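Enquirer: One file is attached below, structure-v2.tsv, containing TSV, C-alpha atoms.
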```tsv
chain	number	residue	atom	x	y	z
B	24	MET	CA	149.23	76.81	159.96
B	25	ASN	CA	146.53	76.55	162.65
B	26	PHE	CA	147.16	79.39	165.12
B	27	ILE	CA	145.40	77.73	168.05
B	28	LYS	CA	147.32	74.45	167.67
B	29	THR	CA	150.74	76.03	167.16
B	30	LEU	CA	150.62	78.87	169.67
B	31	PRO	CA	151.69	76.68	172.66
B	32	ARG	CA	154.93	75.82	170.83
B	33	PHE	CA	155.98	79.48	171.01
B	34	CYS	CA	155.28	80.13	174.68
B	35	ALA	CA	155.40	78.37	177.97
B	36	LEU	CA	151.64	78.46	178.35
B	37	SER	CA	151.79	81.64	180.40
B	38	ALA	CA	148.58	83.30	181.57
B	39	MET	CA	148.69	85.60	178.55
B	40	CYS	CA	149.11	82.65	176.18
B	41	MET	CA	146.17	80.89	177.77
B	42	ILE	CA	144.02	83.99	177.33
B	43	LEU	CA	145.02	84.21	173.67
B	44	ILE	CA	144.27	80.55	173.09
B	45	SER	CA	140.96	80.77	174.93
B	46	GLY	CA	139.93	83.93	173.07
B	47	SER	CA	140.88	82.51	169.70
B	48	ALA	CA	138.99	79.32	170.42
B	49	ALA	CA	135.91	81.29	171.47
B	50	SER	CA	136.15	83.41	168.32
B	51	ALA	CA	136.44	80.31	166.14
B	52	GLN	CA	133.45	78.79	167.90
B	53	ASP	CA	131.41	81.97	167.36
B	54	ASP	CA	132.34	81.99	163.68
B	55	GLN	CA	131.30	78.36	163.32
B	56	SER	CA	128.01	78.93	165.15
B	57	PHE	CA	127.31	81.95	162.95
B	58	ALA	CA	128.12	79.95	159.80
B	59	THR	CA	125.62	77.28	160.88
B	60	TYR	CA	122.95	79.89	161.58
B	61	PHE	CA	123.68	81.74	158.33
B	62	ALA	CA	123.21	78.56	156.31
B	63	THR	CA	119.72	78.15	157.79
B	64	LEU	CA	118.99	81.82	157.07
B	65	LEU	CA	119.87	81.34	153.41
B	66	GLU	CA	117.63	78.27	153.30
B	67	LYS	CA	114.83	80.45	154.63
B	68	ALA	CA	115.59	82.98	151.88
B	69	LYS	CA	115.34	80.22	149.29
B	70	ASP	CA	112.00	79.09	150.72
B	71	GLN	CA	110.73	82.68	150.43
B	72	GLY	CA	111.53	82.94	146.75
B	73	ILE	CA	114.92	84.67	146.74
B	74	THR	CA	116.71	83.64	143.56
B	75	GLU	CA	119.54	81.13	143.64
B	76	SER	CA	121.84	83.59	141.90
B	77	THR	CA	121.37	86.17	144.68
B	78	ILE	CA	121.89	83.56	147.38
B	79	GLU	CA	125.08	82.28	145.80
B	80	GLN	CA	126.34	85.84	145.28
B	81	VAL	CA	125.79	86.63	148.96
B	82	ARG	CA	126.87	83.34	150.52
B	83	PRO	CA	130.67	83.90	150.50
B	84	SER	CA	130.50	87.62	151.28
B	85	VAL	CA	128.85	87.62	154.72
B	86	SER	CA	130.65	86.99	157.99
B	87	LEU	CA	129.99	87.64	161.66
B	88	ASN	CA	130.33	91.37	162.38
B	89	THR	CA	131.36	91.59	166.02
B	90	THR	CA	131.66	95.38	165.81
B	91	ALA	CA	127.97	95.72	164.94
B	92	LEU	CA	127.13	93.44	167.87
B	93	ARG	CA	129.23	95.51	170.29
B	94	ILE	CA	127.65	98.78	169.17
B	95	GLU	CA	124.15	97.36	169.38
B	96	ARG	CA	124.76	96.05	172.90
B	97	ARG	CA	126.19	99.41	173.95
B	98	ALA	CA	123.23	101.26	172.37
B	99	ARG	CA	120.75	99.28	174.42
B	100	GLY	CA	122.84	99.46	177.56
B	101	GLY	CA	120.97	102.46	179.02
B	102	SER	CA	118.44	102.33	181.81
B	103	THR	CA	115.13	100.63	181.08
B	104	ASP	CA	113.56	101.93	184.31
B	105	PRO	CA	110.15	103.38	183.29
B	106	ASN	CA	110.40	105.85	186.20
B	107	ARG	CA	113.82	107.23	185.32
B	108	ARG	CA	114.04	111.00	185.00
B	109	ILE	CA	113.64	112.33	181.47
B	110	PRO	CA	116.41	114.85	180.68
B	111	PRO	CA	115.39	118.34	179.52
B	112	PHE	CA	115.10	119.19	175.83
B	113	THR	CA	116.41	122.72	176.40
B	114	GLY	CA	120.19	122.63	176.25
B	115	SER	CA	120.25	119.07	174.87
B	116	ASP	CA	122.46	117.95	172.00
B	117	GLU	CA	119.35	117.79	169.83
B	118	GLN	CA	118.52	121.43	170.49
B	119	ARG	CA	122.09	122.67	170.18
B	120	ALA	CA	122.43	121.02	166.77
B	121	ILE	CA	119.51	122.97	165.31
B	122	ILE	CA	121.26	126.29	164.62
B	123	GLY	CA	124.40	124.56	163.34
B	124	LYS	CA	122.48	122.52	160.78
B	125	ALA	CA	120.29	125.35	159.44
B	126	ARG	CA	122.93	126.91	157.15
B	127	PRO	CA	124.01	123.67	155.42
B	128	GLY	CA	120.32	122.79	155.06
B	129	ARG	CA	119.69	126.03	153.18
B	130	ALA	CA	122.73	125.31	150.98
B	131	VAL	CA	121.30	121.93	149.99
B	132	TYR	CA	118.00	123.61	149.19
B	133	GLN	CA	119.73	126.09	146.87
B	134	ARG	CA	121.48	123.24	145.10
B	135	LEU	CA	118.30	121.19	144.66
B	136	GLN	CA	115.68	123.92	144.44
B	137	SER	CA	114.03	122.63	141.27
B	138	GLN	CA	113.81	119.08	142.63
B	139	PHE	CA	112.31	120.32	145.88
B	140	SER	CA	109.71	122.33	143.99
B	141	GLN	CA	108.72	119.16	142.14
B	142	ILE	CA	108.62	117.11	145.35
B	143	GLU	CA	106.41	119.67	147.09
B	144	ARG	CA	104.01	119.72	144.12
B	145	ASP	CA	103.85	115.94	143.77
B	146	ILE	CA	104.06	114.73	147.37
B	147	GLY	CA	103.11	117.73	149.47
B	148	VAL	CA	105.88	117.67	152.08
B	149	PRO	CA	107.78	120.96	152.56
B	150	SER	CA	111.44	121.05	151.61
B	151	SER	CA	112.38	122.38	155.06
B	152	ILE	CA	110.97	119.27	156.78
B	153	ILE	CA	112.72	116.96	154.31
B	154	LEU	CA	116.01	118.79	154.85
B	155	ALA	CA	115.64	118.68	158.63
B	156	ILE	CA	115.31	114.90	158.51
B	157	TYR	CA	118.19	114.69	156.03
B	158	GLY	CA	120.32	116.70	158.45
B	159	LYS	CA	119.35	114.58	161.43
B	160	GLU	CA	119.74	111.21	159.72
B	161	SER	CA	123.03	111.57	157.85
B	162	ASN	CA	124.27	115.13	158.39
B	163	PHE	CA	123.13	116.01	154.88
B	164	GLY	CA	124.70	112.90	153.43
B	165	SER	CA	128.16	113.40	154.90
B	166	TYR	CA	127.91	110.21	156.95
B	167	THR	CA	125.71	107.35	155.82
B	168	GLY	CA	127.59	104.49	157.49
B	169	ASN	CA	130.16	102.05	156.12
B	170	PHE	CA	128.88	98.76	157.55
B	171	ASP	CA	128.06	96.01	155.11
B	172	THR	CA	124.28	95.90	155.47
B	173	LEU	CA	123.93	92.17	154.91
B	174	GLY	CA	126.70	91.30	157.37
B	175	ALA	CA	125.34	93.63	160.03
B	176	LEU	CA	121.76	92.39	159.70
B	177	ALA	CA	122.75	88.71	159.65
B	178	SER	CA	124.95	89.23	162.72
B	179	LEU	CA	122.22	91.02	164.67
B	180	ALA	CA	119.73	88.31	163.69
B	181	TYR	CA	122.20	85.67	164.86
B	182	GLU	CA	122.57	87.45	168.22
B	183	GLY	CA	118.91	86.68	168.69
B	184	ARG	CA	117.43	89.45	170.82
B	185	ARG	CA	115.41	90.86	167.92
B	186	ARG	CA	115.87	88.00	165.48
B	187	ALA	CA	112.45	88.34	163.81
B	188	LEU	CA	113.11	92.00	162.94
B	189	PHE	CA	116.64	91.56	161.64
B	190	GLU	CA	115.87	88.39	159.70
B	191	LYS	CA	113.00	90.22	157.99
B	192	GLU	CA	115.33	93.08	157.08
B	193	PHE	CA	118.05	90.71	155.85
B	194	LEU	CA	115.56	88.98	153.55
B	195	ALA	CA	114.34	92.39	152.34
B	196	ALA	CA	117.94	93.30	151.49
B	197	LEU	CA	118.20	90.12	149.40
B	198	ARG	CA	115.03	91.14	147.56
B	199	MET	CA	116.70	94.46	146.79
B	200	ILE	CA	119.50	92.54	145.06
B	201	ASP	CA	116.94	90.42	143.24
B	202	ARG	CA	115.35	93.63	141.95
B	203	GLY	CA	118.61	95.08	140.68
B	204	THR	CA	120.32	96.86	143.56
B	205	PRO	CA	124.07	96.15	143.28
B	206	ARG	CA	125.39	94.02	146.13
B	207	ASN	CA	128.17	96.50	146.89
B	208	SER	CA	125.67	99.36	147.30
B	209	LEU	CA	124.28	97.83	150.46
B	210	LYS	CA	126.15	99.95	153.00
B	211	GLY	CA	124.87	101.76	156.05
B	212	SER	CA	124.65	101.85	159.82
B	213	PHE	CA	125.46	99.03	162.22
B	214	ALA	CA	121.74	98.24	162.46
B	215	GLY	CA	120.99	98.10	158.73
B	216	ALA	CA	119.77	101.65	158.01
B	217	MET	CA	121.06	102.72	154.61
B	218	GLY	CA	121.90	105.72	152.54
B	219	LYS	CA	121.16	109.41	152.92
B	220	PRO	CA	117.70	108.90	154.47
B	221	GLN	CA	118.82	105.88	156.55
B	222	PHE	CA	116.11	103.51	155.32
B	223	LEU	CA	115.93	99.92	156.45
B	224	PRO	CA	115.69	97.48	153.50
B	225	SER	CA	111.96	96.85	153.99
B	226	VAL	CA	111.32	100.61	153.96
B	227	TYR	CA	113.42	100.98	150.82
B	228	LEU	CA	111.34	98.34	149.04
B	229	ARG	CA	108.09	100.08	149.98
B	230	LEU	CA	108.89	103.75	149.74
B	231	ALA	CA	112.13	104.59	147.89
B	232	VAL	CA	111.58	106.84	144.86
B	233	ASP	CA	113.42	107.34	141.56
B	234	ALA	CA	113.13	111.12	141.40
B	235	ASP	CA	115.88	111.84	138.87
B	236	GLY	CA	114.47	109.44	136.29
B	237	ASP	CA	117.57	107.30	135.77
B	238	GLY	CA	115.75	104.05	136.50
B	239	GLN	CA	117.42	103.57	139.90
B	240	LYS	CA	116.14	104.32	143.40
B	241	ASP	CA	119.60	105.37	144.53
B	242	ILE	CA	119.35	106.64	148.11
B	243	TRP	CA	123.15	106.39	148.50
B	244	ASN	CA	124.32	108.69	145.72
B	245	SER	CA	121.32	110.63	144.36
B	246	GLU	CA	120.15	113.48	146.59
B	247	ALA	CA	117.05	113.88	144.43
B	248	ASP	CA	116.08	110.23	145.03
B	249	ALA	CA	116.88	110.51	148.73
B	250	MET	CA	114.84	113.70	149.26
B	251	ALA	CA	111.83	112.36	147.38
B	252	SER	CA	112.07	109.11	149.32
B	253	ILE	CA	111.99	110.98	152.66
B	254	ALA	CA	108.94	112.90	151.46
B	255	ASN	CA	107.26	109.70	150.32
B	256	TYR	CA	107.91	108.15	153.74
B	257	LEU	CA	106.23	111.06	155.51
B	258	LYS	CA	103.29	111.03	153.11
B	259	ASN	CA	102.84	107.31	153.77
B	260	ALA	CA	102.98	108.05	157.53
B	261	GLY	CA	100.02	110.44	157.18
B	262	TRP	CA	101.59	113.82	156.41
B	263	LYS	CA	98.84	116.34	155.62
B	264	ARG	CA	99.64	118.83	152.86
B	265	GLY	CA	99.64	122.46	154.00
B	266	GLN	CA	99.69	121.74	157.74
B	267	ARG	CA	102.47	122.80	160.09
B	268	TRP	CA	104.07	120.31	162.50
B	269	GLY	CA	103.25	122.46	165.53
B	270	MET	CA	104.04	125.68	167.36
B	271	ALA	CA	105.67	126.86	170.57
B	272	VAL	CA	103.25	128.00	173.26
B	273	ALA	CA	103.15	129.35	176.81
B	274	VAL	CA	101.05	127.50	179.39
B	275	PRO	CA	99.54	129.52	182.27
B	276	SER	CA	100.72	128.75	185.79
B	277	THR	CA	97.13	127.97	186.81
B	278	PHE	CA	96.65	125.41	184.04
B	279	ASP	CA	94.87	122.20	185.09
B	280	ARG	CA	96.77	119.46	183.28
B	281	SER	CA	94.54	116.71	184.59
B	282	SER	CA	91.68	118.14	182.53
B	283	VAL	CA	93.52	117.45	179.25
B	284	ARG	CA	95.22	114.18	180.11
B	285	SER	CA	94.88	111.62	177.34
B	286	THR	CA	93.19	108.32	178.12
B	287	ALA	CA	94.24	106.72	174.86
B	288	VAL	CA	96.37	103.58	175.13
B	289	PRO	CA	99.36	103.93	172.76
B	290	GLN	CA	99.92	100.98	170.44
B	291	ARG	CA	103.62	101.81	170.11
B	292	CYS	CA	106.25	103.94	171.84
B	293	PRO	CA	104.20	104.25	175.05
B	294	ARG	CA	106.75	106.45	176.85
B	295	VAL	CA	106.71	108.90	173.93
B	296	PHE	CA	102.95	109.19	173.51
B	297	ALA	CA	102.24	109.10	177.24
B	298	ARG	CA	103.57	112.66	177.40
B	299	HIS	CA	100.99	113.97	174.89
B	300	SER	CA	97.66	115.41	175.99
B	301	LYS	CA	94.32	114.65	174.41
B	302	TRP	CA	93.42	116.37	171.14
B	303	LEU	CA	91.76	119.82	171.22
B	304	THR	CA	91.40	122.51	168.59
B	305	VAL	CA	93.79	125.43	168.75
B	306	ALA	CA	90.80	127.64	169.58
B	307	GLU	CA	90.01	125.38	172.56
B	308	TRP	CA	93.62	125.58	173.72
B	309	ARG	CA	93.48	129.37	173.49
B	310	ALA	CA	90.35	129.37	175.62
B	311	LEU	CA	92.34	127.46	178.26
B	312	GLY	CA	95.06	130.12	178.20
B	313	VAL	CA	97.58	128.22	176.05
B	314	VAL	CA	98.87	130.85	173.61
B	315	PRO	CA	101.53	131.04	170.86
B	316	VAL	CA	104.91	132.58	171.67
B	317	SER	CA	106.13	133.10	168.10
B	318	ALA	CA	104.86	134.24	164.72
B	319	ARG	CA	104.60	130.64	163.50
B	320	THR	CA	101.06	129.71	164.48
B	321	LEU	CA	98.35	127.18	163.70
B	322	ALA	CA	94.83	127.83	162.48
B	323	ASP	CA	92.16	127.90	165.19
B	324	ASP	CA	90.39	124.86	163.76
B	325	GLU	CA	93.53	122.68	163.75
B	326	LEU	CA	93.53	119.74	166.16
B	327	ALA	CA	96.62	119.60	168.36
B	328	THR	CA	98.06	117.88	171.40
B	329	LEU	CA	100.10	119.56	174.11
B	330	LEU	CA	103.67	118.50	174.94
B	331	GLU	CA	105.77	120.05	177.69
B	332	PRO	CA	109.23	118.57	177.04
B	333	ASP	CA	110.79	120.34	180.02
B	334	PHE	CA	107.69	120.02	182.18
B	335	GLU	CA	105.85	122.88	183.89
B	336	GLY	CA	106.92	126.48	183.53
B	337	LYS	CA	108.98	126.01	180.35
B	338	THR	CA	108.27	126.39	176.64
B	339	ALA	CA	105.61	123.92	175.51
B	340	TYR	CA	104.36	122.90	172.08
B	341	LEU	CA	101.04	122.28	170.41
B	342	LEU	CA	101.57	119.46	167.93
B	343	THR	CA	99.54	118.44	164.90
B	344	GLY	CA	99.07	115.13	163.15
B	345	ASN	CA	102.12	115.97	161.03
B	346	TYR	CA	104.27	115.76	164.16
B	347	ARG	CA	103.04	112.18	164.47
B	348	ALA	CA	104.29	111.54	160.93
B	349	ILE	CA	107.76	112.71	162.01
B	350	LEU	CA	107.54	110.40	165.03
B	351	ASP	CA	106.91	107.54	162.61
B	352	TYR	CA	110.38	108.17	161.19
B	353	ASN	CA	111.96	108.04	164.65
B	354	CYS	CA	109.74	107.59	167.69
B	355	SER	CA	111.39	110.12	170.00
B	356	ASN	CA	109.95	113.45	171.11
B	357	PHE	CA	113.45	114.96	171.14
B	358	TYR	CA	114.00	113.78	167.56
B	359	ALA	CA	110.64	115.04	166.26
B	360	LEU	CA	110.92	118.38	168.06
B	361	SER	CA	114.41	118.83	166.64
B	362	VAL	CA	113.14	118.11	163.13
B	363	GLY	CA	110.27	120.58	163.50
B	364	LEU	CA	112.40	123.36	164.97
B	365	LEU	CA	115.25	122.77	162.52
B	366	SER	CA	112.79	122.93	159.63
B	367	ASP	CA	111.61	126.33	160.92
B	368	GLU	CA	115.22	127.56	161.07
B	369	ILE	CA	115.93	126.34	157.54
B	370	ALA	CA	112.78	128.01	156.25
B	371	SER	CA	113.49	131.33	157.99
```
What do you get writing this file as structure tokens?
Expert:
Amino acid sequence: MNFIKTLPRFCALSAMCMILISGSAASAQDDQSFATYFATLLEKAKDQGITESTIEQVRPSVSLNTTALRIERRARGGSTDPNRRIPPFTGSDEQRAIIGKARPGRAVYQRLQSQFSQIERDIGVPSSIILAIYGKESNFGSYTGNFDTLGALASLAYEGRRRALFEKEFLAALRMIDRGTPRNSLKGSFAGAMGKPQFLPSVYLRLAVDADGDGQKDIWNSEADAMASIANYLKNAGWKRGQRWGMAVAVPSTFDRSSVRSTAVPQRCPRVFARHSKWLTVAEWRALGVVPVSARTLADDELATLLEPDFEGKTAYLLTGNYRAILDYNCSNFYALSVGLLSDEIAS
């Protein structure tokens, strides 16, 4: 029985009935428009070499995910004013979460100590940094998302605001199926990030690792694979073996910030990198009166940039190239600082 056609028989076309009819009609129209778009997306997949068997497996299992669309719209609903005030890092949710996540991070390390030792030897990224990202991304695997990845990506591509990105990720997810990833494994966040490390499909294809040797790059169920994959991501982003991410410093009240202002033009995340100074060696920073405030320090010949997350008079940080590798994972100073500081807590 067609709900839209029969509903008027059961009411006197009250205002509420009219809203129901109108909403149902709009929903049906959205579903039809999505189905038309999805058919063209599958044609594009075919043109790009995705196998017919994968396409036919996927075709009946993907529908418009309005929940993913609502969350995405809400996530981008904040102010885009470039002059809006940046909230302080001190006292933020990111900072408060650090102490709470340190103990479970150490517990994961104890459970996977031999795997971490192997990862550090082979890839060169410290276990504490890997665990900090693991804690930030999925709360040590306790929440990896339950959205169907293909449905979420196709829906966000259909919405159109970032169609090129989400179409690319949808096609990458189909290639995962082509290469043996089970269709029902593709679960994750509303925006397509999957598994314990929250990799997008294109990142999975490039950087996921089979660390436990079972022939699968299983970032959903294998912690060994997930941890090695995070390390491989950071290595690919430029992580330098044996280098710290940064250190906390005190900046003198007489410091001339204009003398260290960076003139570089960021190619990405301009608001993030605009807050970083130019590069100087730690010895040069010391000569300017910028000194460490903890036992965790950098070598004098290390190059570092200065970041004052809470502006003048508060704790600042000298940051190495490895901090930039963390930013590659998530381009937010709050995120990268949280990862660095959480890694120090886990390692302590």
Enquirer: Could you tell me which of B:Leu179, B:Asn353, B:Ser300, B:Ser140 comes closest to Phe222 in chain B if we count only C-alpha atoms?
Expert: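 Looking only at the distances to Phe222 in chain B, the closest residue turns out to be B:Asn353.
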Enquirer: Give me, as a ChimeraX atom specification, all polymer residues having an atom no more than 8 Å from Ile253 in chain B, counting only C-alpha atoms and skipping those fewer than 2 positions away in the same chain.
Expert: /B:153,156-157,220,231,249-251,255-257
Enquirer: Put those residues in a file: C-alpha atoms, as a PDB file, keeping the file's coordinate frame.
Expert:
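Done, and the output landed in selection_26.pdb:
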```pdb
ATOM      1  CA  ILE B 153     112.720 116.960 154.310  1.00  0.00           C
ATOM      2  CA  ILE B 156     115.310 114.900 158.510  1.00  0.00           C
ATOM      3  CA  TYR B 157     118.190 114.690 156.030  1.00  0.00           C
ATOM      4  CA  PRO B 220     117.700 108.900 154.470  1.00  0.00           C
ATOM      5  CA  ALA B 231     112.130 104.590 147.890  1.00  0.00           C
ATOM      6  CA  ALA B 249     116.880 110.510 148.730  1.00  0.00           C
ATOM      7  CA  MET B 250     114.840 113.700 149.260  1.00  0.00           C
ATOM      8  CA  ALA B 251     111.830 112.360 147.380  1.00  0.00           C
ATOM      9  CA  ASN B 255     107.260 109.700 150.320  1.00  0.00           C
ATOM     10  CA  TYR B 256     107.910 108.150 153.740  1.00  0.00           C
ATOM     11  CA  LEU B 257     106.230 111.060 155.510  1.00  0.00           C
TER      12      LEU B 257
END
```
Enquirer: Give me the residues of range 251-292 of chain B that have any atom at most 8 Å from an atom of range 310-331 of chain B; for each, the nearest atom pair and the distance in Å, rounded to one decimal. Use only C-alpha atoms, sort by chain and number, and format it as a tab-separated table.
Expert:
```
residue	atom	partner	partner_atom	distance
B:Arg267	CA	B:Leu321	CA	7.0
B:Gly269	CA	B:Leu321	CA	7.0
B:Met270	CA	B:Thr320	CA	5.8
B:Ala271	CA	B:Val316	CA	5.9
B:Val272	CA	B:Pro315	CA	4.2
B:Ala273	CA	B:Val314	CA	5.6
B:Val274	CA	B:Val313	CA	4.9
B:Pro275	CA	B:Gly312	CA	6.1
B:Phe278	CA	B:Leu311	CA	7.5
```
Enquirer: Neighbours of Ile200 in chain B within 12 Å (all atoms listed in the file; same-chain residues fewer than 4 positions away dropped), as a PyMOL selection string?
Expert: chain B and resi 73-81+172-173+193-196+204-209+224+227-228
Enquirer: Please determine, counting only C-alpha atoms, which residue among B:Lys258, B:Arg309, B:Arg198, B:Arg294 has the shortest atom-to-atom distance to Lys69 in chain B.
Expert: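 Residue with the minimum atom-to-atom distance to Lys69 in chain B: B:Arg198.
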Enquirer: Skipping near chain neighbours, those fewer than 2 positions away, what residues fall within 10 Å of Thr113 in chain B using only C-alpha atoms, listed as a list in words?
Expert: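 Selected residues are Pro110, Pro111, Ser115, Asp116, Glu117, Gln118, Arg119, Pro332, Asp333, Lys337, Thr338 and Phe357 of chain B.
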Enquirer: Report, in Å with one decimal, the straight-line distance from CA of Glu307 in chain B to CA of Pro293 in chain B.
Expert: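 Going from CA of Glu307 in chain B over to CA of Pro293 in chain B covers 25.6 Å.
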Enquirer: Quick one: 6 Å padding each side, axis-aligned, all listed atoms of range 315-320 of chain B - centre and edge lengths in Å to one decimal, as JSON?
Expert:
```
{"center_x": 103.6, "center_y": 132.0, "center_z": 167.6, "size_x": 17.1, "size_y": 16.5, "size_z": 20.2}
```
Enquirer: Do you have the CA of Leu65 in chain B-CA of Ala98 in chain B distance handy?
Expert: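 Calculated distance between CA of Leu65 in chain B and CA of Ala98 in chain B is 27.7 Å.
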